Each structure stands twice: as structure tokens, then as C-alpha cells.
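File shown: start_17.txt (compact mmCIF, C-alpha atoms).
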# COMPACT_ATOMS: atom_id res chain seq x y z
CA MET K 560 78.91 102.72 47.02
CA GLN K 561 75.49 101.73 45.81
CA ASN K 562 75.18 99.29 48.68
CA LYS K 563 75.91 102.07 51.13
CA GLN K 564 73.21 104.25 49.55
CA HIS K 565 70.75 101.39 49.70
CA LEU K 566 71.63 100.76 53.31
CA ALA K 567 71.22 104.45 54.22
CA ALA K 568 67.88 104.66 52.41
CA THR K 569 66.66 101.49 54.07
CA LEU K 570 67.74 102.63 57.54
CA THR K 571 66.23 106.10 57.07
CA GLY K 572 62.98 104.62 55.86
CA MET K 573 62.81 102.11 58.68
CA ALA K 574 63.64 104.72 61.29
CA ALA K 575 60.89 106.97 59.97
CA ILE K 576 58.43 104.07 59.99
CA GLY K 577 59.46 103.34 63.56
CA VAL K 578 58.92 106.92 64.70
CA PHE K 579 55.58 107.09 62.92
CA VAL K 580 54.33 103.82 64.39
CA ALA K 581 55.54 104.85 67.85
CA LEU K 582 53.63 108.13 67.57
CA LEU K 583 50.48 106.42 66.34
CA CYS K 584 50.70 103.93 69.16
CA THR K 585 51.48 106.22 72.07
CA ALA K 586 49.12 109.12 71.36
CA PRO K 587 45.75 107.31 71.41
CA VAL K 588 46.75 104.65 73.92
CA THR K 589 47.59 107.10 76.71
CA ALA K 590 44.20 108.71 76.19
CA GLN K 591 42.25 105.46 76.28
CA THR K 592 43.87 103.19 78.85
CA GLU K 593 43.21 103.45 82.55
CA HIS K 594 46.25 105.62 82.92
CA SER K 595 46.76 107.03 86.39
CA ALA K 596 49.19 109.63 87.59
CA ALA K 597 49.18 107.88 90.98
CA VAL K 598 52.29 105.79 91.58
CA PHE K 599 52.69 104.03 94.91
CA THR K 600 55.78 102.66 96.60
CA ALA K 601 55.87 99.06 97.85
CA ASP K 602 54.84 100.26 101.32
CA GLY K 603 51.82 102.17 99.97
CA LYS K 604 53.20 105.71 99.90
CA LEU K 605 52.25 108.00 97.04
CA LYS K 606 55.10 109.33 94.91
CA MET K 607 54.85 113.03 94.24
CA PRO K 608 53.08 113.35 90.87
CA THR K 609 55.03 115.10 88.13
CA GLY K 610 53.96 117.28 85.25
CA PHE K 611 50.76 118.45 86.92
CA ARG K 612 51.30 122.09 85.96
CA ARG K 613 50.39 120.92 82.45
CA TRP K 614 47.10 119.51 83.70
CA VAL K 615 43.87 121.49 83.64
CA PHE K 616 43.60 124.20 86.28
CA VAL K 617 40.08 124.23 87.70
CA GLY K 618 40.16 126.94 90.34
CA ALA K 619 42.03 128.74 93.11
CA PRO K 620 40.28 129.27 96.43
CA THR K 621 42.30 131.66 98.55
CA THR K 622 42.42 131.62 102.33
CA PRO K 623 44.90 134.33 103.38
CA ASN K 624 46.73 133.66 106.64
CA ALA K 625 45.78 137.16 107.77
CA LEU K 626 42.07 136.23 107.67
CA ASN K 627 42.72 132.97 109.54
CA ASN K 628 44.49 134.03 112.74
CA GLY K 629 47.84 133.86 111.00
CA LYS K 630 47.55 130.16 110.29
CA ALA K 631 45.33 129.08 107.41
CA ASN K 632 44.88 125.33 107.04
CA PHE K 633 46.06 125.72 103.46
CA PRO K 634 48.44 128.66 103.03
CA GLU K 635 47.23 130.52 100.98
CA PHE K 636 46.24 130.25 97.28
CA HIS K 637 45.02 126.71 96.47
CA HIS K 638 45.69 126.02 92.79
CA VAL K 639 43.82 122.86 91.84
CA TYR K 640 44.70 120.69 88.84
CA VAL K 641 43.20 117.57 87.28
CA GLU K 642 44.01 115.73 84.06
CA ALA K 643 41.90 116.50 80.98
CA GLN K 644 40.83 112.89 80.43
CA ASN K 645 39.43 112.69 83.98
CA LEU K 646 37.65 115.99 83.50
CA ASP K 647 36.11 114.66 80.26
CA ALA K 648 34.83 111.61 82.15
CA TYR K 649 33.42 113.75 84.95
CA MET K 650 31.54 115.94 82.46
CA LYS K 651 29.84 112.83 81.03
CA THR K 652 29.14 110.89 84.21
CA GLY K 653 29.27 113.30 87.17
CA VAL K 654 31.90 111.16 88.91
CA PHE K 655 35.65 110.85 88.53
CA PRO K 656 37.14 107.65 87.12
CA GLU K 657 39.32 105.27 89.11
CA GLY K 658 42.88 106.52 89.24
CA THR K 659 41.95 110.20 89.12
CA VAL K 660 44.48 112.43 90.86
CA PHE K 661 43.81 115.96 92.02
CA ILE K 662 46.71 118.20 92.90
CA LYS K 663 46.37 121.23 95.13
CA GLU K 664 49.44 123.42 94.84
CA LEU K 665 49.73 126.12 97.47
CA THR K 666 51.34 129.50 97.00
CA ARG K 667 51.75 132.28 99.53
CA VAL K 668 50.22 135.69 98.96
CA LEU K 669 52.71 138.34 97.88
CA ASN K 670 54.07 140.67 100.62
CA PRO K 671 50.95 141.83 102.49
CA THR K 672 50.67 145.50 103.51
CA PHE K 673 47.10 145.58 104.93
CA PRO K 674 45.97 143.72 108.07
CA ASP K 675 43.81 141.39 105.90
CA GLY K 676 46.90 140.31 103.95
CA SER K 677 46.13 142.31 100.81
CA ARG K 678 48.29 144.92 99.07
CA PHE K 679 47.86 147.58 96.41
CA GLU K 680 49.04 146.87 92.90
CA PRO K 681 48.23 148.76 89.69
CA SER K 682 45.25 146.46 89.06
CA GLY K 683 43.74 147.23 92.46
CA ARG K 684 43.84 146.08 96.06
CA GLY K 685 43.96 142.37 96.50
CA PHE K 686 46.04 139.22 96.77
CA PHE K 687 48.80 138.24 94.36
CA ASN K 688 50.68 134.98 94.04
CA GLY K 689 53.93 134.81 95.99
CA GLU K 690 56.15 131.79 96.53
CA PHE K 691 55.24 128.13 96.17
CA ASN K 692 54.32 126.75 99.59
CA GLY K 693 53.19 123.14 99.40
CA ILE K 694 51.53 120.27 97.56
CA ASP K 695 48.51 118.15 98.53
CA ALA K 696 47.07 115.32 96.45
CA THR K 697 43.93 113.19 96.42
CA VAL K 698 43.74 109.87 94.59
CA LYS K 699 40.62 107.92 93.69
CA ASP K 700 41.17 104.22 94.26
CA SER K 701 38.08 102.48 95.58
CA LYS K 702 39.95 99.37 96.72
CA ARG K 703 42.85 101.07 98.46
CA PHE K 704 40.76 103.81 100.07
CA ALA K 705 37.38 102.12 100.51
CA LYS K 706 37.10 103.39 104.10
CA THR K 707 37.17 107.02 102.98
CA ASN K 708 34.64 106.96 100.12
CA GLY K 709 37.18 105.75 97.58
CA TRP K 710 39.64 108.64 97.91
CA GLY K 711 43.03 108.85 99.63
CA PHE K 712 44.56 112.10 100.84
CA PHE K 713 48.24 113.03 100.90
CA THR K 714 50.42 116.00 101.67
CA PHE K 715 53.96 116.53 100.45
CA GLY K 716 54.51 119.46 102.80
CA HIS K 717 53.09 122.91 103.52
CA HIS K 718 56.33 124.84 103.22
CA PRO K 719 58.60 126.28 100.51
CA GLN K 720 60.24 123.91 98.01
CA PRO K 721 61.68 121.29 98.00
CA TYR K 722 58.78 118.98 98.90
CA GLU K 723 58.76 115.41 100.16
CA ALA K 724 59.37 112.81 97.44
CA THR K 725 56.72 110.44 98.84
CA ALA K 726 53.81 110.79 101.26
CA LYS K 727 51.86 108.34 103.36
CA GLU K 728 48.08 108.54 103.50
CA SER K 729 46.90 111.30 105.84
CA PRO K 730 44.77 110.23 108.82
CA VAL K 731 41.00 110.48 108.34
CA GLU K 732 40.68 113.39 110.75
CA GLU K 733 43.23 115.48 108.86
CA CYS K 734 41.60 115.46 105.42
CA ALA K 735 39.01 112.83 104.54
CA GLY K 736 36.78 113.64 107.52
CA CYS K 737 36.03 117.11 106.25
CA HIS K 738 35.43 115.93 102.67
CA ILE K 739 33.07 113.19 103.94
CA ALA K 740 31.18 115.69 106.09
CA ASN K 741 30.79 118.31 103.36
CA VAL K 742 31.14 116.92 99.83
CA ALA K 743 30.40 113.19 99.96
CA LYS K 744 27.56 113.70 97.45
CA THR K 745 29.82 115.27 94.81
CA ASP K 746 32.44 112.50 94.72
CA MET K 747 34.38 114.06 97.64
CA THR K 748 35.26 117.12 95.54
CA TRP K 749 34.35 120.74 96.27
CA VAL K 750 32.79 121.20 92.83
CA GLN K 751 31.03 124.35 94.02
CA PHE K 752 34.41 126.15 94.07
CA TYR K 753 35.39 125.18 90.51
CA PRO K 754 33.36 126.93 87.82
CA ILE K 755 34.00 124.39 85.06
CA LEU K 756 33.06 121.50 87.37
CA HIS K 757 29.76 122.91 88.49
CA ALA K 758 28.88 124.05 84.95
CA ARG K 759 29.51 120.48 83.67
CA THR K 760 29.72 121.27 79.96
CA ALA K 761 31.34 118.90 77.46
CA ASN K 762 33.32 121.72 75.85
CA TRP K 763 34.80 122.84 79.15
CA ASP K 764 38.06 124.00 77.52
CA THR K 765 36.53 126.99 75.76
CA PRO K 766 34.03 129.59 76.99
CA GLU K 767 30.75 130.10 75.19
CA ALA K 768 30.73 132.93 72.64
CA LYS K 769 27.74 134.94 71.46
CA MET H 1409 60.64 94.71 49.36
CA ASN H 1410 62.28 97.01 46.87
CA ILE H 1411 64.64 99.38 48.69
CA LYS H 1412 63.36 102.41 46.78
CA TRP H 1413 59.86 101.63 47.98
CA ILE H 1414 61.03 101.41 51.58
CA ALA H 1415 62.77 104.78 51.22
CA LEU H 1416 59.69 106.34 49.58
CA ILE H 1417 57.31 105.04 52.25
CA GLY H 1418 59.76 106.21 54.89
CA ALA H 1419 59.87 109.70 53.40
CA VAL H 1420 56.08 109.94 53.20
CA LEU H 1421 55.74 108.78 56.78
CA ALA H 1422 58.46 111.19 57.91
CA ILE H 1423 56.48 114.08 56.40
CA ALA H 1424 53.29 112.76 57.99
CA THR H 1425 55.11 112.49 61.31
CA VAL H 1426 56.21 116.13 61.13
CA ALA H 1427 52.65 117.20 60.29
CA PHE H 1428 51.32 115.06 63.14
CA SER H 1429 53.75 116.41 65.71
CA GLN H 1430 53.01 120.01 64.75
CA SER H 1431 49.58 119.67 66.31
CA SER H 1432 51.25 120.34 69.67
CA ALA H 1433 52.87 123.60 68.50
CA PRO H 1434 51.36 126.84 69.81
CA THR H 1435 48.13 127.66 68.02
CA GLY H 1436 48.97 131.38 67.93
CA PRO H 1437 46.49 134.22 67.56
CA GLN H 1438 43.80 134.26 64.87
CA PHE H 1439 42.74 137.58 63.39
CA THR H 1440 39.77 138.47 61.18
CA LYS H 1441 40.30 140.38 57.91
CA GLU H 1442 39.55 143.62 59.78
CA GLY H 1443 42.27 142.83 62.31
CA ASN H 1444 39.98 141.80 65.15
CA LEU H 1445 41.18 138.99 67.38
CA VAL H 1446 39.12 135.79 67.39
CA LEU H 1447 38.23 134.44 70.86
CA PRO H 1448 40.96 131.91 71.68
CA SER H 1449 39.75 128.34 72.16
CA GLY H 1450 41.11 125.52 74.26
CA PHE H 1451 43.08 127.77 76.61
CA ARG H 1452 41.89 125.96 79.73
CA GLU H 1453 44.23 123.20 78.63
CA TRP H 1454 47.16 125.62 78.52
CA VAL H 1455 49.46 126.13 81.50
CA PHE H 1456 47.91 128.13 84.34
CA ILE H 1457 50.54 130.46 85.79
CA GLY H 1458 48.70 132.32 88.52
CA GLY H 1459 45.48 133.86 89.76
CA PRO H 1460 45.78 137.29 91.36
CA ILE H 1461 42.55 138.35 93.02
CA THR H 1462 41.27 141.89 93.46
CA PRO H 1463 37.95 141.50 95.31
CA ASN H 1464 35.31 144.07 94.41
CA ALA H 1465 34.75 144.61 98.13
CA LEU H 1466 38.34 145.87 98.55
CA ASN H 1467 38.03 148.14 95.48
CA ASN H 1468 34.97 150.30 96.22
CA GLY H 1469 32.66 147.70 94.72
CA LYS H 1470 34.20 147.94 91.27
CA ALA H 1471 37.58 146.32 90.68
CA ASP H 1472 39.15 146.96 87.27
CA PHE H 1473 39.27 143.19 86.83
CA PRO H 1474 36.52 141.36 88.67
CA GLU H 1475 37.82 139.41 90.68
CA PHE H 1476 40.03 136.31 90.22
CA HIS H 1477 42.42 136.77 87.26
CA ASP H 1478 43.33 133.28 86.09
CA VAL H 1479 46.19 133.57 83.62
CA TYR H 1480 47.05 130.95 80.99
CA ILE H 1481 49.86 130.58 78.47
CA GLU H 1482 50.83 127.83 76.05
CA ARG H 1483 53.56 125.51 77.28
CA GLU H 1484 55.98 126.12 74.41
CA ASN H 1485 55.85 129.88 75.00
CA LEU H 1486 56.37 129.41 78.74
CA ARG H 1487 59.36 127.20 78.03
CA TYR H 1488 60.78 129.81 75.65
CA TYR H 1489 60.41 132.47 78.35
CA GLN H 1490 62.23 130.32 80.89
CA GLN H 1491 65.12 129.94 78.46
CA HIS H 1492 65.27 133.47 77.03
CA GLY H 1493 63.61 135.83 79.52
CA ASN H 1494 61.12 137.09 76.94
CA PHE H 1495 58.20 135.72 74.96
CA PRO H 1496 58.32 134.64 71.31
CA GLU H 1497 56.34 136.32 68.52
CA GLY H 1498 52.78 135.04 68.43
CA THR H 1499 52.57 134.43 72.18
CA VAL H 1500 49.01 134.65 73.48
CA MET H 1501 48.22 135.14 77.17
CA VAL H 1502 44.65 134.69 78.34
CA LYS H 1503 43.27 136.20 81.53
CA GLU H 1504 39.99 134.59 82.53
CA LEU H 1505 38.02 136.49 85.15
CA VAL H 1506 35.97 134.72 87.80
CA LEU H 1507 33.79 136.34 90.46
CA THR H 1508 34.23 135.38 94.09
CA GLN H 1509 31.32 133.64 95.78
CA PRO H 1510 29.06 136.30 97.37
CA GLY H 1511 30.77 137.72 100.45
CA LYS H 1512 29.65 137.55 104.03
CA TYR H 1513 32.26 139.94 105.47
CA PRO H 1514 32.80 143.59 104.45
CA ASP H 1515 36.07 142.56 102.71
CA GLY H 1516 34.10 140.18 100.47
CA SER H 1517 35.39 136.97 102.05
CA ILE H 1518 33.28 134.05 103.25
CA ASP H 1519 33.76 131.24 105.75
CA SER H 1520 34.32 127.78 104.35
CA ALA H 1521 35.43 124.44 105.73
CA SER H 1522 39.00 125.29 104.68
CA GLY H 1523 38.97 128.71 106.33
CA ARG H 1524 37.98 132.31 105.67
CA GLY H 1525 38.78 133.57 102.23
CA TYR H 1526 37.74 133.92 98.62
CA PHE H 1527 36.29 131.14 96.50
CA PRO H 1528 35.68 131.10 92.74
CA GLY H 1529 32.09 131.69 91.68
CA ALA H 1530 30.76 132.56 88.22
CA LEU H 1531 32.88 133.13 85.13
CA GLN H 1532 32.94 136.86 84.41
CA GLY H 1533 35.07 137.77 81.42
CA LEU H 1534 38.07 137.24 79.25
CA ASP H 1535 41.04 139.45 78.38
CA VAL H 1536 43.85 138.54 76.00
CA MET H 1537 47.26 139.92 75.07
CA VAL H 1538 49.10 139.00 71.87
CA LYS H 1539 52.76 139.57 71.00
CA ASP H 1540 53.12 140.71 67.40
CA SER H 1541 55.84 143.28 66.79
CA LYS H 1542 54.51 144.28 63.36
CA ARG H 1543 50.89 144.78 64.37
CA PHE H 1544 51.54 146.27 67.81
CA GLY H 1545 54.94 147.97 67.46
CA ASP H 1546 53.51 151.16 68.99
CA THR H 1547 52.76 149.44 72.32
CA ASN H 1548 55.99 147.52 72.97
CA ASP H 1549 54.93 144.72 70.57
CA TRP H 1550 51.85 143.61 72.50
CA GLY H 1551 48.19 144.12 71.62
CA PHE H 1552 45.46 144.05 74.26
CA PHE H 1553 41.90 142.77 73.83
CA THR H 1554 38.82 142.18 75.92
CA PHE H 1555 35.97 139.83 75.08
CA GLY H 1556 33.79 141.27 77.85
CA HIS H 1557 33.76 141.67 81.63
CA HIS H 1558 30.42 140.01 82.17
CA ALA H 1559 28.79 136.59 82.44
CA LEU H 1560 28.92 134.15 79.52
CA PRO H 1561 28.58 134.25 76.57
CA TYR H 1562 31.53 136.39 75.45
CA GLU H 1563 32.12 138.33 72.24
CA PRO H 1564 33.35 136.06 69.42
CA THR H 1565 35.88 138.72 68.28
CA ALA H 1566 37.48 141.82 69.80
CA LYS H 1567 39.22 144.84 68.38
CA VAL H 1568 42.47 146.08 69.87
CA MET H 1569 41.98 148.24 72.97
CA SER H 1570 43.16 151.84 73.01
CA VAL H 1571 46.51 152.54 74.65
CA GLY H 1572 44.79 154.35 77.54
CA GLN H 1573 42.79 151.29 78.50
CA CYS H 1574 45.45 148.59 78.86
CA ALA H 1575 48.86 149.07 77.27
CA TYR H 1576 49.77 152.31 79.12
CA CYS H 1577 49.70 150.55 82.49
CA HIS H 1578 51.86 147.68 81.26
CA ILE H 1579 54.27 150.18 79.63
CA ALA H 1580 54.47 152.19 82.87
CA HIS H 1581 55.11 149.22 85.16
CA VAL H 1582 56.37 146.13 83.36
CA ALA H 1583 58.05 147.30 80.13
CA LYS H 1584 61.31 145.73 81.35
CA THR H 1585 59.78 142.26 81.76
CA ASP H 1586 58.29 142.04 78.25
CA MET H 1587 55.06 143.77 79.36
CA VAL H 1588 54.14 140.88 81.68
CA TRP H 1589 53.67 141.10 85.48
CA VAL H 1590 56.11 138.27 86.06
CA GLN H 1591 56.30 139.15 89.75
CA TYR H 1592 52.80 137.71 90.27
CA TYR H 1593 53.48 134.37 88.59
CA PRO H 1594 55.70 131.92 90.47
CA LEU H 1595 56.47 129.95 87.31
CA LEU H 1596 57.85 133.11 85.69
CA HIS H 1597 59.90 134.41 88.58
CA THR H 1598 61.14 131.11 90.02
CA GLN H 1599 64.24 129.50 88.51
CA LEU H 1600 63.08 126.12 87.29
CA HIS H 1601 64.51 123.33 85.24
Full structure transcribed into C-alpha cells:
Amino acid sequence: MQNKQHLAATLTGMAAIGVFVALLCTAPVTAQTEHSAAVFTADGKLKMPTGFRRWVFVGAPTTPNALNNGKANFPEFHHVYVEAQNLDAYMKTGVFPEGTVFIKELTRVLNPTFPDGSRFEPSGRGFFNGEFNGIDATVKDSKRFAKTNGWGFFTFGHHPQPYEATAKESPVEECAGCHIANVAKTDMTWVQFYPILHARTANWDTPEAK
Amino acid sequence: MNIKWIALIGAVLAIATVAFSQSSAPTGPQFTKEGNLVLPSGFREWVFIGGPITPNALNNGKADFPEFHDVYIERENLRYYQQHGNFPEGTVMVKELVLTQPGKYPDGSIDSASGRGYFPGALQGLDVMVKDSKRFGDTNDWGFFTFGHHALPYEPTAKVMSVGQCAYCHIAHVAKTDMVWVQYYPLLHTQLH
């Protein structure tokens, strides 16, 4: 009987130590190592990143189809996400670290009623998020993508879910060409469209109070 | 090592582990003694659920909410909603307002390399709603707050808005979906696992 109690106490204690040590080990390590959300297949395709809706949202340019001859390049809201640790690095250095992944998730606008694609809702006339409609990703890897300023560009489809599970690098003329022509000086990123990127404050997660 | 010691250390560490893991629980709203809401912090690390946009140029130069409405919620509360269809007590939703970049066309849009449309410009305000059935029982359990519709910096605290300013519109239109415009947020109206 006493042996059983001793055994239970020992096992409970050891299990708790194990959980504690595991927590101590995993929490700081993921923040400090050169973790990257980019995972490639053996033939160099990018696997669709997971969990990005928990990353930091930095902005949502909107190019309604109705303002782009019915066929916007990116239909239609562009929700852009990046991981907090990469944002922290950018705020300090002005460039993104190796392994940084940006995700651009596309959603349609909700049922347009005006020729410009907008509709009335109680909050006013404008554009409201409709269905998910695609995923694009950029990955910073200066060895793999040296020819395109250190960034590779991928699309997992511009259409409703489900998306492609993997994507091969898009040709230069489809994506990188435009980034090189317009935003080569800001690490290939349109920082002018993302308020917390062009403000570059260390405490980017909270707005300034009086 | 003495077995009692192992058990004791284990128990202490177990308690520490619980305390440690609670740091990821929702922070919940913070109120002052007078009942004013303290400006939420860290919400740009919460889950973004959608960004309706009501350009000033399409609303006689003065949209009620200028102009992008970027809405954030904590992950645990989002997960609860996806399981239960309503939000738990203490849920905080933050709506951060962002102006569009100055428009070239009468509708307020501009041309960019990616096409004609609307692009985020300056930060322009912060609104918050808090679910607390005791405090806000008169307005379907939610209280509404604004920390300013203007450039930074914002007010550090805000008192609850009158029914006629915020709650009435939510009561009139979205009382059945826990006072939230779930139809504008794909993560709230899409069935996900």
C-alpha cells in the first residue's frame, strides 16, 4: 500500500517536473532560434504555412474587382500577416530576418450593389469582407532566392477554399518583378501600406495613449 | 532522493506550471474605479478577423467610422465562439480605425501597382466593446467605448457610450448574433475546424 503511494507520488512529481521543464524549454527557444514558418518539399515547393491567422495582421489594401475591370490582380481584400518575432526584428533593424514569411490572405468583398463594388450597411457605404478567396506567400531566403533580392513568391490559389497544399516559386514576371521595380529599397515589402511598418515603433502592439 | 521531497517539488512545479500557462489566457477588460475602460494593450497580437472599409468619399466626406475598421479578438474567445455560437463573459473586441491613403478618384480610391483601390494610411482611432452581463445588462450584455476617432495619441481611458451612440444599432441589427456583425468576418461565419 505504502509502496503504491510512494510510486504514485514519485510519478506525479516526475510528470510535473517534466511538464515544467518542457514548458521552460519550448517557450524561450521558439522565440530565440532562427525559427521559420517556411517549410519546403524535397523538390523546392513551399508547403502552405499553417497558423498564420494567429500572426500579426499589418494591413489590408483593398482592390475591388469592380474598380479593376472586373479582374483585380488580387481579389479583393489583401489581409497581410507576419510573425511577431520578425516584426520585432524589423522594428530594430529596418529589414526582415532570414526565414521571414509574409502571408497575404485574400477575401472577396461582400455582395456588391453599386457599380464600384460597394454596398450600404448600417455603418455606411463601403466594402465588407466576404468569402476567403486565396493565399499568397513571400519567403525571405537569401540563398534560395538570391536572384530576386532574397525573397521568393508563391501562390496557393486565387479562388475559394480549399487551396493548394504546396506551391512552386512564381516566375519573376508574375510577382518579384513588381516588388523589385517598386519596393526594392524597403526589403521588397510595401511598408507604405502598413501603418505599423512605416511607423517603426518598438511597442508596435499597442497604440500610444495621451 | 527522498520520495516526499520529489512529491513536494513536483507539487510546487505543478502550481508554477499552472501560473505560467495562464499567461496565455485572455487578458480581459480592465476598468478604473469609476468604471471607465482602460485602453487595451497588445491587441495587435490578437486574431484579426476582418477589415470592413467605409471610405469617407463614399459617405459624404464623413463616414461614421473612418475608414478601415480592423477588428481584433483574443484567440480563446474566438475559439469559444466557434464552439458555442456566442462569446464568453469578459470578451473584448477592438476595432482599430485606419484612414485610406489620400484619394485620387472621386470615390476615394487610388492607383497602385496592385490595382485601383484603397490602401491603409494613418491610424485614426480605436473603439472597443466588452461583454459583461452585470455591468451592461441593459444593452444585451455588451458595453461600447471609444478612445477617439483621431490621430494618435488616444485617450488612456473611456467611459461607456450612451445607448444612442453605439448599442442601439447593434441591438437593431445583430442582437441575434451576440451583438456582433458576424456576417462581415469570414472566421465567424465560415465553418472551421
query: Could you pull the residues within 6 Å of Gly658 in chain K, counting only C-alpha atoms, minus those fewer than 2 positions along the same chain, as a PyMOL selection string?
result: chain K and resi 595+699-700
Identify all chain H residues at most 7 Å from chain K by counting only C-alpha atoms; ligands do not count. Present them as a PDB file with C-alpha atoms, keeping the file's coordinate frame.
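Listing of out-v8.pdb after writing:
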ATOM      1  CA  ILE H1411      64.640  99.380  48.690  1.00  0.00           C
ATOM      2  CA  ILE H1414      61.030 101.410  51.580  1.00  0.00           C
ATOM      3  CA  ALA H1415      62.770 104.780  51.220  1.00  0.00           C
ATOM      4  CA  ILE H1417      57.310 105.040  52.250  1.00  0.00           C
ATOM      5  CA  GLY H1418      59.760 106.210  54.890  1.00  0.00           C
ATOM      6  CA  ALA H1419      59.870 109.700  53.400  1.00  0.00           C
ATOM      7  CA  LEU H1421      55.740 108.780  56.780  1.00  0.00           C
ATOM      8  CA  ALA H1422      58.460 111.190  57.910  1.00  0.00           C
ATOM      9  CA  THR H1425      55.110 112.490  61.310  1.00  0.00           C
ATOM     10  CA  SER H1449      39.750 128.340  72.160  1.00  0.00           C
ATOM     11  CA  GLY H1450      41.110 125.520  74.260  1.00  0.00           C
ATOM     12  CA  PHE H1451      43.080 127.770  76.610  1.00  0.00           C
ATOM     13  CA  ARG H1452      41.890 125.960  79.730  1.00  0.00           C
ATOM     14  CA  GLU H1453      44.230 123.200  78.630  1.00  0.00           C
ATOM     15  CA  TRP H1454      47.160 125.620  78.520  1.00  0.00           C
ATOM     16  CA  VAL H1455      49.460 126.130  81.500  1.00  0.00           C
ATOM     17  CA  PHE H1456      47.910 128.130  84.340  1.00  0.00           C
ATOM     18  CA  GLY H1458      48.700 132.320  88.520  1.00  0.00           C
ATOM     19  CA  GLY H1459      45.480 133.860  89.760  1.00  0.00           C
ATOM     20  CA  PRO H1460      45.780 137.290  91.360  1.00  0.00           C
ATOM     21  CA  ILE H1461      42.550 138.350  93.020  1.00  0.00           C
ATOM     22  CA  THR H1462      41.270 141.890  93.460  1.00  0.00           C
ATOM     23  CA  PRO H1463      37.950 141.500  95.310  1.00  0.00           C
ATOM     24  CA  LEU H1466      38.340 145.870  98.550  1.00  0.00           C
ATOM     25  CA  ASN H1467      38.030 148.140  95.480  1.00  0.00           C
ATOM     26  CA  ALA H1471      37.580 146.320  90.680  1.00  0.00           C
ATOM     27  CA  ASP H1472      39.150 146.960  87.270  1.00  0.00           C
ATOM     28  CA  SER H1522      39.000 125.290 104.680  1.00  0.00           C
ATOM     29  CA  GLY H1523      38.970 128.710 106.330  1.00  0.00           C
ATOM     30  CA  ARG H1524      37.980 132.310 105.670  1.00  0.00           C
ATOM     31  CA  GLY H1525      38.780 133.570 102.230  1.00  0.00           C
ATOM     32  CA  TYR H1526      37.740 133.920  98.620  1.00  0.00           C
ATOM     33  CA  PHE H1527      36.290 131.140  96.500  1.00  0.00           C
ATOM     34  CA  PRO H1528      35.680 131.100  92.740  1.00  0.00           C
ATOM     35  CA  GLY H1529      32.090 131.690  91.680  1.00  0.00           C
ATOM     36  CA  ALA H1530      30.760 132.560  88.220  1.00  0.00           C
ATOM     37  CA  LEU H1531      32.880 133.130  85.130  1.00  0.00           C
ATOM     38  CA  LEU H1560      28.920 134.150  79.520  1.00  0.00           C
ATOM     39  CA  PRO H1561      28.580 134.250  76.570  1.00  0.00           C
ATOM     40  CA  TYR H1562      31.530 136.390  75.450  1.00  0.00           C
ATOM     41  CA  GLU H1563      32.120 138.330  72.240  1.00  0.00           C
ATOM     42  CA  PRO H1564      33.350 136.060  69.420  1.00  0.00           C
ATOM     43  CA  TYR H1592      52.800 137.710  90.270  1.00  0.00           C
ATOM     44  CA  TYR H1593      53.480 134.370  88.590  1.00  0.00           C
ATOM     45  CA  PRO H1594      55.700 131.920  90.470  1.00  0.00           C
TER      46      PRO H1594
END
query: Just how far from CA of Gly610 in chain K is CA of Gly1498 in chain H, in Å to one decimal?
result: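 CA of Gly1498 in chain H sits 24.5 Å away from CA of Gly610 in chain K.
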query: Of the candidates H:Trp1550, H:Tyr1513, H:Phe1544, H:Phe1476, which shows the shortest atom-to-atom distance to Val1500 in chain H, using all atoms listed in the file?
result: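 With all atoms listed in the file as the atom set, the closest residue is H:Trp1550.
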task: May I ask for the distance between CA of Gly736 in chain K and CA of Trp749 in chain K, given in Å to one decimal place?
output: 13.5 Å
message: as a PyMOL selection string, please: the residues near Val660 in chain K (cut-off 12 Å, all atoms listed in the file, same-chain neighbours under 2 positions excluded).
response: chain K and resi 594-598+605-609+611+614-615+639-646+655-658+662-663+695-700+709-713+748
Produce the centre coordinates and the three edge lengths, each in Å to one decimal, of the box along x, y and z that contains all listed atoms of range 1468-1483 of chain H with 5 Å added on each side, as lines of an AutoDock Vina configuration file.
center_x = 43.1
center_y = 137.9
center_z = 86.1
size_x = 30.9
size_y = 34.8
size_z = 30.2
